[in-house]
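Heads up, the thing below is written out as structure tokens.
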Amino acid sequence: MTKDPRITFIGAGSTVFMKNIIGDVLQRPALSGAKIALMDINPQRLEESAIVANKLISTLGAKATVETHTDQRKALSGADFVVVAFQIGGYEPCTVTDFELPKKYGLRQTIADTLGVGGIMRGLRTVPHLWKICEDMLAVCPHAIMLQYVNPMAINTWAIAEKYPTIRQVGLCHSVQGTAMELAEDLEIPYDEIRYRSAGINHMAFFLEFEHRQPDGSYRNLYPDLFRAYREGRAPKPGWNPRCVNKVRYEMLTRLGYFVTESSEHFAEYTPYFIKEGRDDLIKKFGIPLDEYPKRCIEQIEKWRGQTTTYRSADKIEVKKSKEYASSIINSVWTGEPSVIYGNLRNNGCITSLPANCAAEVPCLVDHNGIQPTFIGDLPPQLTALMRTNINVQELTVAALMTENREHIFHAAMLDPHTAAELDLDQIWSLVDELLVAHRDWLPEWTSGKGKMRAA
């Protein structure tokens, strides 16, 4: 092991995300001399990211170095850690297509990057590129750890584990710690006084325990407080986005007894209960932000135009600690100093009521040995049952990718809870056919053709 870690970013043109991760890394003494390799296919975004990274180093007085690459394998050569953050097909045309085509059939979505027809299509576009990274890693950095920040997280993590089981990988999201912070704010309790335990699948994990540390060192269950705050109209409090009022998750709390870790705008399209034809009363009652992700994309693109000018002219860049797990993982693996994160890995019996090969999101110990998921056992049966409806879609999408069996794409869509609640079988087949044609330049060759089932 060399003195300083080599950290490679694939998709480094995601400049704001890269800035947060590198800012976190460089604030850790053991990592301040890191060798940072930035790789992206967009030369302009790559140059902008290098400017930001170098100004972070200057601002913090770190000894880190930065290099840029458009060749993926060269960027990965000798890496200790590989951070992956990219979007195949971008906002235009692919995200726009994933929203506009389903609307023709009356299928409305909010985020469409995790499940549903949007999540399935994104998985088909994304996994082959993640597999290429795995191939390159096996050739030039076989012992590196992949920190994977790409949606659809569960499909991606599952597909990597299936095809490249020796790759050390973890799928990372900030929904667990982010939601814990939101709930602490809703209850007006300092976050550092909260203790919680969560488990499930990405974007559909639940807090099995959510507690407040008392002056005598004991812990008090906060679930009664959450129920009471919702009934009395004190929760949810307004958040960062006025379009997203977060009522869906609180309503599901009253039905399931547990609070889910991903946002209401996400959760509304993972179930058949909230977005329904002819039920605009539900959209209004629960404040469901239809077409939310395209709106965010437009806002982020516009915001970046202003930020890039600021970053180019600034001598120093403000550095704040983010809530991402990447720097904690890198620090723990590199120094042996233990930490606990929530990660997505092959289940392997950690959650005994879910399939062994699915991607589970559980607490993980991190140290010199790498990322070690902890045992959870059975989940409450109602949570297991709900997760299974999402796992079905993930499993069939991965099966399509692994076997190159095009029919499984249609099977995945027909078993998606929201899609099945809105469309009949002929509509589902026709929509998926249209999506595959529209995305043909971004998809593997085997996905081409027509989707009618073969005669028995």
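The way I read the labels, and the way they are meant: chains A, B, ... in the order of the structure tokens, residue 1 as the first residue of every chain, and ligand 1 as the first ligand shown, with later ones counted on from there.
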Check the DSSP output for the backbone and give back, as a PyMOL selection string, the residues of segment 176-309 of chain A in strand (DSSP E). chain A and resi 194-201+204-213+219-221
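Residues in contact range of segment 126-133 of chain A, defined as at most 7 Å between only C-alpha atoms, with sequence neighbours fewer than 2 positions away removed, read Ile88, Arg122, Gly123, Leu124, Glu135, Asp136, Met137, Asn156, Ala159 and Ile160 of chain A.
The space separating atom CA of Arg296 of chain A from atom CA of Phe17 of chain A comes to 15.0 Å.
Atom CA of Thr374 of chain A is found 22.2 Å from atom CA of Asn390 of chain A.
For the pair atom CA of Tyr311 of chain A and atom CA of Ala79 of chain A, the separation is 27.3 Å.
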Could you give me, as a list in words, the residues within 8 Å of segment 67-69 of chain A, counting only C-alpha atoms and dropping anything in the same chain fewer than 2 positions from it? Ile36, Ala37, Leu38, Met39, Asp40, Leu46, Glu47, Ala50, Thr65, Asp71, Gln72, Lys74 and Ala75 of chain A
Let me see the file: selected residues, C-alpha atoms, as a PDB file, in the first residue's frame.
ATOM      1  CA  ILE A  36      -7.200  12.094  -7.620  1.00  0.00           C
ATOM      2  CA  ALA A  37      -7.920  10.898 -11.153  1.00  0.00           C
ATOM      3  CA  LEU A  38     -10.911  12.493 -12.865  1.00  0.00           C
ATOM      4  CA  MET A  39     -12.463  10.790 -15.900  1.00  0.00           C
ATOM      5  CA  ASP A  40     -15.342  11.946 -18.088  1.00  0.00           C
ATOM      6  CA  LEU A  46     -13.927  17.462 -17.139  1.00  0.00           C
ATOM      7  CA  GLU A  47     -11.939  20.698 -17.346  1.00  0.00           C
ATOM      8  CA  ALA A  50     -10.389  19.812 -12.566  1.00  0.00           C
ATOM      9  CA  THR A  65      -2.817  16.051  -6.843  1.00  0.00           C
ATOM     10  CA  ASP A  71      -9.677   7.079 -21.272  1.00  0.00           C
ATOM     11  CA  GLN A  72     -11.440   5.042 -18.604  1.00  0.00           C
ATOM     12  CA  LYS A  74      -5.986   4.722 -17.831  1.00  0.00           C
ATOM     13  CA  ALA A  75      -7.933   6.602 -15.182  1.00  0.00           C
TER      14      ALA A  75
END
Give me, as a PyMOL selection string, all polymer residues having an atom no more than 12 Å from Ala413 of chain A, counting only C-alpha atoms and skipping those fewer than 5 positions away in the same chain. chain A and resi 102+115-121+389-390+392-397+400+406-408+418-433+435+451
Which residues, written as a CSV table (one decimal) with C-alpha atoms, in the first residue's frame, have at least one atom at most 12 Å from Arg234 of chain A, with only C-alpha atoms counted and residues fewer than 6 positions away on the same chain left out?
chain,number,residue,atom,x,y,z
A,183,LEU,CA,-37.4,13.5,11.1
A,185,GLU,CA,-36.1,18.4,12.5
A,186,ASP,CA,-39.8,17.5,12.3
A,187,LEU,CA,-39.6,16.5,16.0
A,188,GLU,CA,-37.4,19.5,16.9
A,225,ASP,CA,-44.1,11.2,18.7
A,226,LEU,CA,-44.0,10.8,14.8
A,227,PHE,CA,-47.6,9.5,14.8
A,228,ARG,CA,-48.8,12.3,17.1
A,247,LYS,CA,-47.1,13.6,3.2
A,250,TYR,CA,-46.3,9.9,6.9
Among segment 163-350 of chain A, which residues carry a DSSP assignment of alpha helix (DSSP H), reported as a ChimeraX atom specification? /A:163,175-186,223-231,247-256,264-267,280-286,292-313,326-335
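When only C-alpha atoms are used to compute distances to Gln148 of chain A, the closest of the residues A:Gln214, A:Thr8, A:Ser49, A:Thr95 turns out to be A:Thr8.
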Determine the nearest neighbour of Val362 of chain A from the options A:Ile194, A:Val245, A:Ile329, A:Ile201, counting only C-alpha atoms. A:Ile201
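Distances to Asn20 of chain A were evaluated for A:Thr97, A:Ser327, A:Ser264, A:Asn246 using only C-alpha atoms, and the minimum falls at A:Ser327.
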Selected residue of minimal separation from Gly61 of chain A among A:Asn348, A:Ser14, A:Thr254, A:Ser32, counting only C-alpha atoms: A:Ser32
Out of A:Cys244, A:Glu434, A:Asp80, A:Leu354, which residue has the shortest atom-to-atom distance to Asp291 of chain A when counting only C-alpha atoms? A:Cys244
Shell around Glu211 of chain A at 8 Å using only C-alpha atoms, local window under 5 positions removed, as a list in words: Ile194, Arg195, Tyr196, Tyr219, Arg220, Asn221, Leu222 and Tyr223 of chain A
Those residues with N, CA and C atoms, as an mmCIF file, in the first residue's frame please?
data_model
loop_
_atom_site.group_PDB
_atom_site.id
_atom_site.type_symbol
_atom_site.label_atom_id
_atom_site.label_comp_id
_atom_site.auth_asym_id
_atom_site.auth_seq_id
_atom_site.Cartn_x
_atom_site.Cartn_y
_atom_site.Cartn_z
ATOM 1 N N ILE A 194 -30.106 11.488 18.191
ATOM 2 C CA ILE A 194 -30.950 10.435 17.607
ATOM 3 C C ILE A 194 -30.139 9.151 17.412
ATOM 4 N N ARG A 195 -30.774 8.019 17.688
ATOM 5 C CA ARG A 195 -30.203 6.713 17.366
ATOM 6 C C ARG A 195 -31.215 5.959 16.515
ATOM 7 N N TYR A 196 -30.744 5.322 15.445
ATOM 8 C CA TYR A 196 -31.675 4.617 14.577
ATOM 9 C C TYR A 196 -31.026 3.378 13.993
ATOM 10 N N TYR A 219 -32.661 5.294 26.059
ATOM 11 C CA TYR A 219 -33.226 5.751 24.789
ATOM 12 C C TYR A 219 -34.740 5.598 24.791
ATOM 13 N N ARG A 220 -35.416 6.588 24.209
ATOM 14 C CA ARG A 220 -36.875 6.598 24.139
ATOM 15 C C ARG A 220 -37.333 6.414 22.694
ATOM 16 N N ASN A 221 -38.296 5.511 22.478
ATOM 17 C CA ASN A 221 -38.856 5.255 21.157
ATOM 18 C C ASN A 221 -39.582 6.505 20.650
ATOM 19 N N LEU A 222 -39.231 6.978 19.470
ATOM 20 C CA LEU A 222 -39.818 8.202 18.920
ATOM 21 C C LEU A 222 -40.992 7.950 17.986
ATOM 22 N N TYR A 223 -41.315 6.708 17.717
ATOM 23 C CA TYR A 223 -42.431 6.465 16.813
ATOM 24 C C TYR A 223 -43.756 7.043 17.310
#
Between A:Val340, A:Ile351, A:Leu253, A:Leu436, which one has atoms that come closest to Ile376 of chain A, using only C-alpha atoms? A:Ile351
